[in-house]
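What follows is the content of work.cif, which has mmCIF, C-alpha atoms:
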```cif
data_protein
loop_
_atom_site.label_atom_id
_atom_site.label_comp_id
_atom_site.auth_asym_id
_atom_site.auth_seq_id
_atom_site.Cartn_x
_atom_site.Cartn_y
_atom_site.Cartn_z
CA SER Q 263 -242.27 116.54 67.76
CA GLU Q 264 -239.48 117.19 70.28
CA ARG Q 265 -240.22 115.56 73.61
CA VAL Q 266 -238.42 114.52 76.77
CA PHE Q 267 -238.82 110.81 77.53
CA PHE Q 268 -237.97 109.33 80.91
CA SER Q 269 -238.39 106.11 82.87
CA GLY Q 270 -237.02 104.52 86.03
CA ASN Q 271 -240.00 104.13 88.37
CA PRO Q 272 -239.16 100.89 90.27
CA ASP Q 273 -242.89 100.12 90.53
CA ARG Q 274 -243.34 100.56 86.76
CA PRO Q 275 -240.02 99.34 85.30
CA ASN Q 276 -241.38 98.93 81.75
CA VAL Q 277 -243.24 102.25 81.60
CA ASP Q 278 -241.91 105.53 80.30
CA TRP Q 279 -243.42 109.01 80.21
CA HIS Q 280 -242.96 112.01 77.96
CA CYS Q 281 -243.68 115.70 78.17
CA GLU Q 282 -246.14 117.59 75.96
CA THR Q 283 -246.63 121.09 74.60
CA SER Q 284 -248.25 123.72 76.77
CA ALA Q 285 -249.94 127.08 76.23
CA PRO Q 286 -249.52 129.81 75.24
CA ASP Q 287 -246.71 129.01 72.77
CA TYR Q 288 -247.52 125.30 72.43
CA LEU Q 289 -243.86 124.37 72.45
CA PRO Q 290 -242.48 121.25 74.16
CA ASP Q 291 -242.48 121.89 77.90
CA PRO Q 292 -240.33 119.44 79.93
CA SER Q 293 -242.26 120.33 83.09
CA TYR Q 294 -245.66 119.46 81.61
CA VAL Q 295 -246.39 115.71 81.66
CA PRO Q 296 -250.11 114.87 81.29
CA ASP Q 297 -251.36 111.77 83.07
CA THR Q 298 -252.06 110.16 79.69
CA SER Q 299 -248.55 110.65 78.27
CA PHE Q 300 -247.07 107.27 79.05
CA ALA Q 301 -246.42 103.96 77.30
CA TYR Q 302 -245.92 100.33 78.28
CA VAL Q 303 -242.75 99.01 76.65
CA GLY Q 304 -242.71 95.21 76.54
CA SER Q 305 -242.94 92.94 79.54
CA ASP Q 306 -243.27 94.44 83.01
CA ALA Q 307 -240.71 91.89 84.24
CA ASN Q 308 -238.00 93.49 82.13
CA PRO Q 309 -237.03 97.11 82.95
CA ILE Q 310 -236.20 99.91 80.54
CA MET Q 311 -232.44 100.52 80.81
CA GLY Q 312 -231.77 103.38 78.42
CA TYR Q 313 -232.38 105.24 75.15
CA ARG Q 314 -230.42 105.86 71.96
CA ARG Q 315 -231.24 107.63 68.73
CA MET Q 316 -230.81 105.94 65.35
CA GLY Q 317 -231.85 107.90 62.28
CA GLY Q 318 -235.46 108.96 62.67
CA TYR Q 319 -236.14 106.47 65.46
CA GLN Q 320 -235.71 106.40 69.19
CA LEU Q 321 -234.37 103.07 70.43
CA VAL Q 322 -235.58 101.88 73.83
CA ILE Q 323 -233.15 99.30 75.26
CA LYS Q 324 -234.31 96.95 77.98
CA GLY Q 325 -232.64 94.42 80.23
CA GLN Q 326 -231.84 90.80 79.53
CA SER Q 327 -234.90 88.58 78.92
CA ASP Q 328 -235.62 85.24 77.27
CA GLN Q 329 -239.28 86.13 76.61
CA ASP Q 330 -239.16 89.84 75.83
CA ALA Q 331 -237.58 91.86 73.03
CA THR Q 332 -234.57 93.83 74.27
CA VAL Q 333 -234.78 96.70 71.77
CA PHE Q 334 -237.96 98.59 70.84
CA ARG Q 335 -238.19 101.20 68.14
CA ARG Q 336 -240.24 104.38 68.63
CA SER Q 337 -241.25 106.69 65.81
CA ALA Q 338 -243.12 110.00 65.75
CA THR Q 339 -246.27 110.70 63.77
CA LEU Q 340 -249.53 112.67 63.88
CA ASP Q 341 -252.91 111.10 64.58
CA GLY Q 342 -256.15 112.01 62.79
CA ASP Q 343 -256.64 115.05 65.01
CA GLY Q 344 -253.17 116.40 64.36
CA ASN Q 345 -251.84 115.39 67.76
CA ALA Q 346 -248.36 113.88 68.13
CA ALA Q 347 -248.25 110.11 68.63
CA PHE Q 348 -245.27 107.86 69.32
CA PRO Q 349 -245.96 104.28 68.20
CA LEU Q 350 -243.68 101.43 69.32
CA THR Q 351 -242.52 98.36 67.42
CA GLN Q 352 -240.24 95.51 68.45
CA GLY Q 353 -236.77 96.16 67.07
CA ALA Q 354 -234.53 93.27 68.15
CA ALA Q 355 -234.29 90.37 70.57
CA GLY Q 356 -231.12 89.05 72.16
CA MET Q 357 -228.72 90.57 74.65
CA GLY Q 358 -230.08 93.15 77.06
CA ALA Q 359 -228.35 95.99 78.87
CA VAL Q 360 -226.88 95.40 82.35
CA SER Q 361 -226.12 99.04 83.22
CA MET Q 362 -228.22 102.18 82.86
CA TYR Q 363 -225.05 104.28 82.72
CA ALA Q 364 -223.04 102.57 79.96
CA PHE Q 365 -224.85 103.89 76.88
CA ALA Q 366 -222.91 105.92 74.30
CA THR Q 367 -222.87 106.51 70.55
CA LEU Q 368 -219.54 105.79 68.84
CA MET Q 369 -219.14 106.88 65.22
CA ASP Q 370 -222.96 106.98 64.81
CA GLU Q 371 -223.36 103.48 66.28
CA PRO Q 372 -225.37 103.06 69.52
CA LEU Q 373 -223.41 100.96 72.03
CA PHE Q 374 -224.39 99.51 75.40
CA LEU Q 375 -223.00 97.05 77.94
CA THR Q 376 -224.36 93.51 78.31
CA LYS Q 377 -223.25 90.58 80.44
CA ASN Q 378 -221.35 89.28 77.40
CA GLY Q 379 -219.55 92.50 76.47
CA VAL Q 380 -220.30 95.72 74.61
CA PHE Q 381 -222.91 95.38 71.88
CA GLY Q 382 -223.88 97.63 69.01
CA ILE Q 383 -227.21 98.06 67.24
CA MET Q 384 -227.14 97.88 63.47
CA THR Q 385 -229.90 98.13 60.87
CA ASP Q 386 -230.14 95.65 58.00
CA THR Q 387 -230.01 97.61 54.75
CA VAL Q 388 -232.52 95.26 53.08
CA THR Q 389 -235.11 94.52 55.74
CA ALA Q 390 -234.58 97.68 57.86
CA GLU Q 391 -234.67 95.40 60.92
CA ASN Q 392 -232.41 96.00 63.92
CA ALA Q 393 -229.82 93.45 65.01
CA LEU Q 394 -227.47 93.25 68.00
CA GLN Q 395 -223.80 92.48 67.44
CA ASN Q 396 -220.81 92.15 69.73
CA ARG Q 397 -218.23 94.93 69.34
CA SER Q 398 -215.75 94.25 72.21
CA TYR Q 399 -214.43 90.80 71.24
CA PHE Q 400 -210.79 91.57 72.11
CA VAL Q 401 -211.45 92.48 75.77
CA ASP Q 402 -214.50 90.33 76.53
CA ALA Q 403 -212.49 87.68 78.39
CA ALA Q 404 -211.39 90.28 80.96
CA LEU Q 405 -214.46 92.53 80.88
CA THR Q 406 -217.03 89.83 81.55
CA LYS Q 407 -215.20 88.61 84.66
CA HIS Q 408 -215.94 91.81 86.57
CA THR Q 409 -218.71 91.84 89.15
CA GLY Q 410 -220.88 94.89 89.65
CA LEU Q 411 -221.32 95.65 85.94
CA ALA Q 412 -224.71 97.16 86.78
CA ASP Q 413 -222.83 100.26 88.01
CA ALA Q 414 -220.46 100.50 85.02
CA CYS Q 415 -220.34 103.89 83.30
CA ALA Q 416 -219.41 104.86 79.74
CA VAL Q 417 -218.97 107.95 77.57
CA GLU Q 418 -217.90 108.71 74.02
CA TRP Q 419 -214.68 110.72 74.04
CA ASN Q 420 -212.52 111.78 71.11
CA GLY Q 421 -213.61 108.84 68.96
CA TYR Q 422 -213.42 106.30 71.78
CA TYR Q 423 -216.07 104.42 73.75
CA VAL Q 424 -214.66 104.61 77.29
CA LEU Q 425 -216.10 102.19 79.85
CA SER Q 426 -215.29 102.25 83.56
CA VAL Q 427 -216.11 99.17 85.62
CA GLY Q 428 -215.32 100.97 88.88
CA ASN Q 429 -212.24 99.06 90.06
CA GLY Q 430 -209.54 101.22 88.47
CA THR Q 431 -209.89 99.65 85.02
CA LEU Q 432 -211.11 101.33 81.84
CA TYR Q 433 -212.02 99.42 78.68
CA ILE Q 434 -211.60 101.39 75.45
CA LEU Q 435 -213.20 100.72 72.05
CA ASP Q 436 -211.35 102.65 69.35
CA GLY Q 437 -213.62 104.08 66.67
CA LYS Q 438 -210.71 105.68 64.78
CA GLN Q 439 -208.79 102.49 63.96
CA ASN Q 440 -209.66 100.22 61.06
CA LYS Q 441 -212.38 97.80 62.10
CA VAL Q 442 -211.56 94.10 62.39
CA TYR Q 443 -213.90 91.45 61.02
CA LYS Q 444 -214.60 88.56 63.36
CA GLU Q 445 -217.21 85.80 63.39
CA ARG Q 446 -218.08 86.83 66.95
CA SER Q 447 -219.63 90.00 65.55
CA GLY Q 448 -222.18 88.09 63.50
CA GLY Q 449 -220.28 88.42 60.25
CA SER Q 450 -219.68 92.14 60.76
CA TYR Q 451 -216.89 93.96 62.62
CA VAL Q 452 -215.44 94.54 66.08
CA TYR Q 453 -213.45 97.52 67.32
CA GLU Q 454 -209.81 97.59 68.30
CA CYS Q 455 -209.78 97.58 72.10
CA TYR Q 456 -207.45 98.66 74.89
CA ILE Q 457 -207.35 98.21 78.67
CA TRP Q 458 -206.22 101.09 80.89
CA THR Q 459 -205.40 100.25 84.50
CA GLY Q 460 -204.78 102.42 87.54
CA VAL Q 461 -207.58 104.90 86.75
CA PRO Q 462 -209.80 105.25 89.88
CA ALA Q 463 -212.85 106.35 87.88
CA ARG Q 464 -216.27 105.75 89.40
CA VAL Q 465 -218.12 107.92 86.86
CA LEU Q 466 -217.04 109.47 83.54
CA TYR Q 467 -217.84 112.76 81.83
CA GLU Q 468 -216.74 114.40 78.57
CA ARG Q 469 -216.61 118.19 78.37
CA ASP Q 470 -215.10 120.40 75.67
CA GLY Q 471 -212.95 117.56 74.37
CA ALA Q 472 -211.54 116.63 77.80
CA LEU Q 473 -212.24 113.40 79.68
CA TRP Q 474 -213.22 113.92 83.32
CA PHE Q 475 -213.94 111.35 85.99
CA GLY Q 476 -215.14 111.20 89.56
CA THR Q 477 -213.63 108.85 92.14
CA ALA Q 478 -215.40 106.77 94.77
CA ASP Q 479 -214.09 109.09 97.52
CA GLY Q 480 -215.49 112.24 95.88
CA LYS Q 481 -212.54 113.62 93.91
CA VAL Q 482 -213.06 115.17 90.47
CA CYS Q 483 -210.15 114.57 88.08
CA CYS Q 484 -209.31 115.30 84.45
CA PHE Q 485 -207.00 113.55 82.01
CA ALA Q 486 -204.23 116.05 81.29
CA LYS Q 487 -204.01 117.55 77.85
CA GLU Q 488 -200.75 117.51 75.90
CA SER Q 489 -198.23 119.88 77.48
CA GLU Q 490 -194.66 120.92 76.88
CA GLY Q 491 -191.62 119.48 78.63
CA MET Q 492 -190.99 116.21 80.42
CA ALA Q 493 -193.34 117.10 83.29
CA ARG Q 494 -196.17 115.66 81.18
CA TYR Q 495 -194.77 112.16 81.75
CA ASN Q 496 -196.19 111.61 85.22
CA ASP Q 497 -199.55 110.70 86.66
CA ASP Q 498 -200.63 113.44 89.06
CA GLY Q 499 -197.02 113.70 90.27
CA ALA Q 500 -196.32 109.95 90.40
CA ALA Q 501 -194.19 107.93 87.98
CA ILE Q 502 -195.95 106.07 85.17
CA SER Q 503 -194.95 102.42 85.03
CA ALA Q 504 -194.80 101.29 81.39
CA SER Q 505 -193.49 98.13 79.76
CA TRP Q 506 -193.36 96.25 76.49
CA ALA Q 507 -193.08 92.46 76.57
CA THR Q 508 -192.70 89.69 74.02
CA LYS Q 509 -194.55 86.43 74.41
CA ALA Q 510 -192.92 83.48 76.18
CA ASP Q 511 -191.30 82.36 72.93
CA ASP Q 512 -190.04 78.81 72.30
CA ASP Q 513 -188.34 79.97 69.08
CA GLY Q 514 -190.28 77.46 67.03
CA ASP Q 515 -189.20 74.31 68.91
CA PHE Q 516 -190.11 73.61 72.53
CA THR Q 517 -188.33 70.22 72.42
CA LYS Q 518 -184.83 71.75 72.29
CA TYR Q 519 -182.78 73.94 74.57
CA LYS Q 520 -181.59 77.27 73.20
CA THR Q 521 -178.57 79.36 74.15
CA CYS Q 522 -177.97 83.09 73.68
CA ASN Q 523 -174.32 84.16 73.71
CA LYS Q 524 -172.80 87.65 74.09
CA ARG Q 525 -174.38 90.46 72.07
CA TRP Q 526 -177.42 88.23 71.61
CA LEU Q 527 -180.11 90.84 72.27
CA ALA Q 528 -180.78 94.36 71.00
CA VAL Q 529 -183.62 96.80 71.68
CA MET Q 530 -184.48 99.79 69.49
CA LEU Q 531 -185.66 102.66 71.68
CA LYS Q 532 -187.15 106.10 71.08
CA PRO Q 533 -185.05 108.91 72.60
CA PHE Q 534 -186.61 111.69 74.67
CA THR Q 535 -185.15 114.65 76.54
CA ARG Q 536 -185.28 112.25 79.46
CA SER Q 537 -185.69 108.51 78.93
CA SER Q 538 -184.30 105.27 80.26
CA ALA Q 539 -185.01 101.57 79.95
CA LYS Q 540 -184.49 98.42 81.95
CA VAL Q 541 -184.39 95.13 80.02
CA CYS Q 542 -185.32 91.85 81.73
CA VAL Q 543 -185.65 88.26 80.58
CA VAL Q 544 -187.98 85.61 81.93
CA THR Q 545 -187.34 81.92 81.31
CA GLU Q 546 -188.51 78.75 83.00
CA LYS Q 547 -185.46 79.22 85.31
CA ASP Q 548 -185.38 83.04 85.67
CA ILE Q 549 -187.98 85.45 87.04
CA GLU Q 550 -187.32 88.86 85.46
CA ARG Q 551 -183.53 88.76 85.47
CA VAL Q 552 -182.20 92.22 84.61
CA VAL Q 553 -179.78 91.96 81.66
CA GLY Q 554 -179.31 95.62 80.80
CA GLU Q 555 -180.09 99.23 81.75
CA THR Q 556 -179.53 102.40 79.73
CA THR Q 557 -180.48 106.05 79.39
CA MET Q 558 -181.77 107.33 76.04
CA ASP Q 559 -181.63 111.13 76.38
CA ILE Q 560 -181.55 113.94 73.84
CA PHE Q 561 -179.42 117.02 74.51
CA ASP Q 562 -181.68 119.95 75.35
CA PHE Q 563 -180.45 123.36 76.57
CA ASN Q 564 -183.73 123.80 78.45
CA ASP Q 565 -183.27 120.60 80.47
CA ILE Q 566 -179.68 119.65 81.25
CA ASP Q 567 -178.75 117.01 83.83
CA PHE Q 568 -174.94 116.84 84.08
CA ALA Q 569 -175.18 113.53 85.94
CA ARG Q 570 -176.41 111.93 82.71
CA PHE Q 571 -175.13 114.36 80.09
CA SER Q 572 -175.78 113.32 76.48
CA PHE Q 573 -174.32 114.58 73.21
CA ASN Q 574 -177.14 112.96 71.25
CA THR Q 575 -179.31 115.53 69.47
CA ALA Q 576 -181.20 113.19 67.12
CA GLU Q 577 -184.75 112.09 67.78
CA THR Q 578 -184.33 109.03 65.54
CA PRO Q 579 -184.57 105.53 67.09
CA GLN Q 580 -181.42 104.31 68.84
CA VAL Q 581 -180.23 100.70 69.26
CA PHE Q 582 -179.27 99.42 72.71
CA PRO Q 583 -177.14 96.24 72.39
CA ILE Q 584 -177.06 93.97 75.45
CA ASN Q 585 -174.18 91.78 76.54
CA ALA Q 586 -175.42 88.97 78.78
CA LYS Q 587 -175.46 85.23 78.25
CA THR Q 588 -178.54 83.06 78.72
CA LYS Q 589 -177.91 79.32 78.52
CA LYS Q 590 -180.20 76.33 78.03
CA TYR Q 591 -183.67 77.84 78.10
CA ILE Q 592 -186.86 76.39 76.62
CA THR Q 593 -188.95 79.58 76.43
CA MET Q 594 -187.91 83.19 76.87
CA GLN Q 595 -189.82 86.41 77.35
CA VAL Q 596 -188.11 89.80 76.96
CA ILE Q 597 -189.49 92.76 78.94
CA VAL Q 598 -188.46 96.39 78.42
CA ARG Q 599 -189.60 98.66 81.24
CA ASN Q 600 -189.55 102.26 82.42
CA ASP Q 601 -190.95 103.44 85.76
CA VAL Q 602 -189.15 106.76 86.28
CA LYS Q 603 -191.06 110.00 86.89
CA ASP Q 604 -190.91 112.63 84.11
CA GLU Q 605 -189.40 110.29 81.52
CA GLY Q 606 -190.76 109.40 78.10
CA PHE Q 607 -190.57 105.83 76.85
CA GLY Q 608 -190.97 104.15 73.48
CA VAL Q 609 -189.92 100.80 71.99
CA PHE Q 610 -189.66 100.23 68.24
CA GLY Q 611 -188.31 96.68 68.18
CA ILE Q 612 -186.71 93.78 70.05
CA LYS Q 613 -184.37 91.31 68.36
CA LYS Q 614 -182.44 88.31 69.69
CA TRP Q 615 -180.05 85.69 68.33
CA TYR Q 616 -179.86 82.12 69.59
CA THR Q 617 -178.52 78.68 68.76
CA PHE Q 618 -180.24 75.33 69.21
CA GLY Q 619 -178.77 72.82 71.62
CA SER Q 620 -179.71 69.39 72.91
CA PHE Q 621 -183.18 67.96 73.30
CA VAL Q 622 -185.09 68.72 76.49
CA LYS Q 623 -184.85 65.91 79.05
CA ARG Q 624 -187.02 65.11 82.01
#
```

Please express what this file holds, its structure, as structure tokens.
Amino acid sequence: SERVFFSGNPDRPNVDWHCETSAPDYLPDPSYVPDTSFAYVGSDANPIMGYRRMGGYQLVIKGQSDQDATVFRRSATLDGDGNAAFPLTQGAAGMGAVSMYAFATLMDEPLFLTKNGVFGIMTDTVTAENALQNRSYFVDAALTKHTGLADACAVEWNGYYVLSVGNGTLYILDGKQNKVYKERSGGSYVYECYIWTGVPARVLYERDGALWFGTADGKVCCFAKESEGMARYNDDGAAISASWATKADDDGDFTKYKTCNKRWLAVMLKPFTRSSAKVCVVTEKDIERVVGETTMDIFDFNDIDFARFSFNTAETPQVFPINAKTKKYITMQVIVRNDVKDEGFGVFGIKKWYTFGSFVKR
């Protein structure tokens, strides 16, 4: 019963068509669409947005509507004359899709983009009914602020649902991490999520395990695969700006001043053939005051820079102690940053020591 289904006629937004078999072999022929091979799917005020497969059913996902179901379920059967038929039933009501290009299947779960985030379609094991559940809880606050979500694009890549909203930002749902259970998901789970910035992707495409994207000005780009040497630590020839930051920490008491004396801060860094780090602090009085800079290189005969020669040959984490006082702060944030081309960067831990002082006064 293989068929090609398609929709998208702006004058018939809730209608889809499918091909049929044709002589002489009577195999599915994508070019043969009889004038009777169509179906009305729900209200004509609510367009068909996309399709997903779940088990033996085809899911037809529509747009947002308060009166219409947003998911319909299509099955395949034979009528009394032995001809293929494709009956429809209502599958779920709730959130509808906002983009025709943001459908993907992650770890066997159909996902699509709504105005309230990325939703998945699950089937109740008892009633066999479909239900819609939020899966992007951790990034919804940022994702839902974007305008133009109707043009968002998504693909499944290497166990990730990758969503581009077209302004240089990618939202990632990680299907390989342990799922997290949140009430927002209707008593089920949400995915671990990440936000990638600085990626000028207008459209996305996965091919042979590589993630490709097209830009708004017509360029076709590919995320680089793992390569040897430090040249892999750049973005198309430009430095990659990376940083780790603690929260603005009041150390458990925002009513008292704290003071950090000498040797009050240490950062554990991962060495690379080429690596360096800049450590800054932010308090209510300081805006990213630099308190320490260091290199964290490993000796390598294949890549020697005598200007920063290192005898270190171990790849184990190294501690960088910092000698700089910080007096009478209420909250402090520590930032460790690297923005040098062709340098690796990794942070294992940040630790500080402090003493309590007087109460905060107006």

Within 12 Å of Val482 of chain Q using only C-alpha atoms, minus same-chain residues under 4 positions, as number ranges by chain: Q: 462-467, 473-478

Mind dumping the selected residues with C-alpha atoms as a compact mmCIF listing (two decimals), keeping the file's coordinate frame?
```txt
# COMPACT_ATOMS: atom_id res chain seq x y z
CA PRO Q 462 -209.80 105.25 89.88
CA ALA Q 463 -212.85 106.35 87.88
CA ARG Q 464 -216.27 105.75 89.40
CA VAL Q 465 -218.12 107.92 86.86
CA LEU Q 466 -217.04 109.47 83.54
CA TYR Q 467 -217.84 112.76 81.83
CA LEU Q 473 -212.24 113.40 79.68
CA TRP Q 474 -213.22 113.92 83.32
CA PHE Q 475 -213.94 111.35 85.99
CA GLY Q 476 -215.14 111.20 89.56
CA THR Q 477 -213.63 108.85 92.14
CA ALA Q 478 -215.40 106.77 94.77
```

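With only C-alpha atoms as the atoms that count, the residue of Q:Gln329, Q:Lys532, Q:Asn523, Q:Ala338 with the shortest distance to Arg265 of chain Q is Q:Ala338.
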
Which polymer residues have any atom within 8 Å of an atom of Asp512 of chain Q, counting only C-alpha atoms, with same-chain residues fewer than 3 positions away left out, as an MDAnalysis selection string? chainID Q and resid 515:516 592:594

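Interatomic distance, atom CA of Met384 of chain Q to atom CA of Phe268 of chain Q: 23.5 Å.
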
Here is a test: counting only C-alpha atoms, which residue of Q:Asn276, Q:Thr367, Q:Ser284, Q:Ser538 is nearest to Glu418 of chain Q? Q:Thr367

Writing N, CA and C atoms and nothing else, produce segment 463-492 of chain Q as a short mmCIF file (atom, residue, chain, number, x, y, z; two decimals), in the first residue's frame.
```cif
data_model
loop_
_atom_site.label_atom_id
_atom_site.label_comp_id
_atom_site.auth_asym_id
_atom_site.auth_seq_id
_atom_site.Cartn_x
_atom_site.Cartn_y
_atom_site.Cartn_z
N ALA Q 463 22.59 29.57 9.79
CA ALA Q 463 21.85 28.56 9.04
C ALA Q 463 20.45 29.06 8.72
N ARG Q 464 20.11 29.05 7.45
CA ARG Q 464 18.73 29.34 7.02
C ARG Q 464 17.96 28.04 6.85
N VAL Q 465 18.61 27.02 6.28
CA VAL Q 465 18.02 25.69 6.13
C VAL Q 465 19.06 24.66 6.56
N LEU Q 466 18.59 23.47 6.95
CA LEU Q 466 19.45 22.40 7.45
C LEU Q 466 19.27 21.14 6.61
N TYR Q 467 20.33 20.33 6.57
CA TYR Q 467 20.28 19.09 5.81
C TYR Q 467 21.28 18.11 6.38
N GLU Q 468 20.87 16.86 6.57
CA GLU Q 468 21.77 15.81 7.04
C GLU Q 468 22.08 14.88 5.88
N ARG Q 469 23.38 14.58 5.71
CA ARG Q 469 23.78 13.68 4.63
C ARG Q 469 24.99 12.87 5.05
N ASP Q 470 24.87 11.56 5.03
CA ASP Q 470 25.96 10.65 5.34
C ASP Q 470 26.61 10.97 6.69
N GLY Q 471 25.77 11.31 7.65
CA GLY Q 471 26.27 11.57 9.00
C GLY Q 471 26.80 12.96 9.23
N ALA Q 472 26.82 13.81 8.21
CA ALA Q 472 27.30 15.19 8.34
C ALA Q 472 26.12 16.15 8.34
N LEU Q 473 26.26 17.24 9.08
CA LEU Q 473 25.23 18.27 9.15
C LEU Q 473 25.61 19.43 8.24
N TRP Q 474 24.77 19.67 7.24
CA TRP Q 474 24.96 20.75 6.29
C TRP Q 474 23.94 21.84 6.55
N PHE Q 475 24.27 23.06 6.12
CA PHE Q 475 23.28 24.13 6.19
C PHE Q 475 23.51 25.14 5.07
N GLY Q 476 22.42 25.80 4.71
CA GLY Q 476 22.48 26.86 3.72
C GLY Q 476 22.23 28.19 4.40
N THR Q 477 22.94 29.23 3.97
CA THR Q 477 22.80 30.55 4.55
C THR Q 477 21.83 31.40 3.75
N ALA Q 478 21.42 32.51 4.33
CA ALA Q 478 20.46 33.40 3.67
C ALA Q 478 21.04 34.02 2.40
N ASP Q 479 22.38 34.14 2.32
CA ASP Q 479 22.99 34.73 1.12
C ASP Q 479 23.47 33.67 0.13
N GLY Q 480 23.01 32.41 0.28
CA GLY Q 480 23.24 31.40 -0.74
C GLY Q 480 24.45 30.52 -0.55
N LYS Q 481 25.15 30.60 0.56
CA LYS Q 481 26.30 29.73 0.79
C LYS Q 481 25.85 28.37 1.30
N VAL Q 482 26.58 27.33 0.94
CA VAL Q 482 26.34 25.98 1.44
C VAL Q 482 27.53 25.59 2.31
N CYS Q 483 27.27 25.27 3.58
CA CYS Q 483 28.34 25.00 4.54
C CYS Q 483 28.11 23.65 5.20
N CYS Q 484 29.18 23.12 5.81
CA CYS Q 484 29.11 21.84 6.49
C CYS Q 484 29.87 21.93 7.81
N PHE Q 485 29.28 21.38 8.87
CA PHE Q 485 30.01 21.29 10.14
C PHE Q 485 31.18 20.35 9.94
N ALA Q 486 32.38 20.80 10.33
CA ALA Q 486 33.59 20.02 10.11
C ALA Q 486 33.58 18.76 10.96
N LYS Q 487 34.06 17.68 10.38
CA LYS Q 487 34.23 16.46 11.13
C LYS Q 487 35.52 16.54 11.93
N GLU Q 488 35.66 15.64 12.91
CA GLU Q 488 36.85 15.63 13.76
C GLU Q 488 38.10 15.47 12.90
N SER Q 489 39.11 16.30 13.17
CA SER Q 489 40.35 16.25 12.40
C SER Q 489 41.52 16.30 13.36
N GLU Q 490 42.69 16.03 12.84
CA GLU Q 490 43.89 16.03 13.67
C GLU Q 490 44.46 17.43 13.79
N GLY Q 491 45.22 17.65 14.88
CA GLY Q 491 45.92 18.91 15.05
C GLY Q 491 45.04 20.01 15.61
N MET Q 492 45.68 21.13 15.94
CA MET Q 492 44.96 22.24 16.56
C MET Q 492 44.18 23.08 15.55
#
```
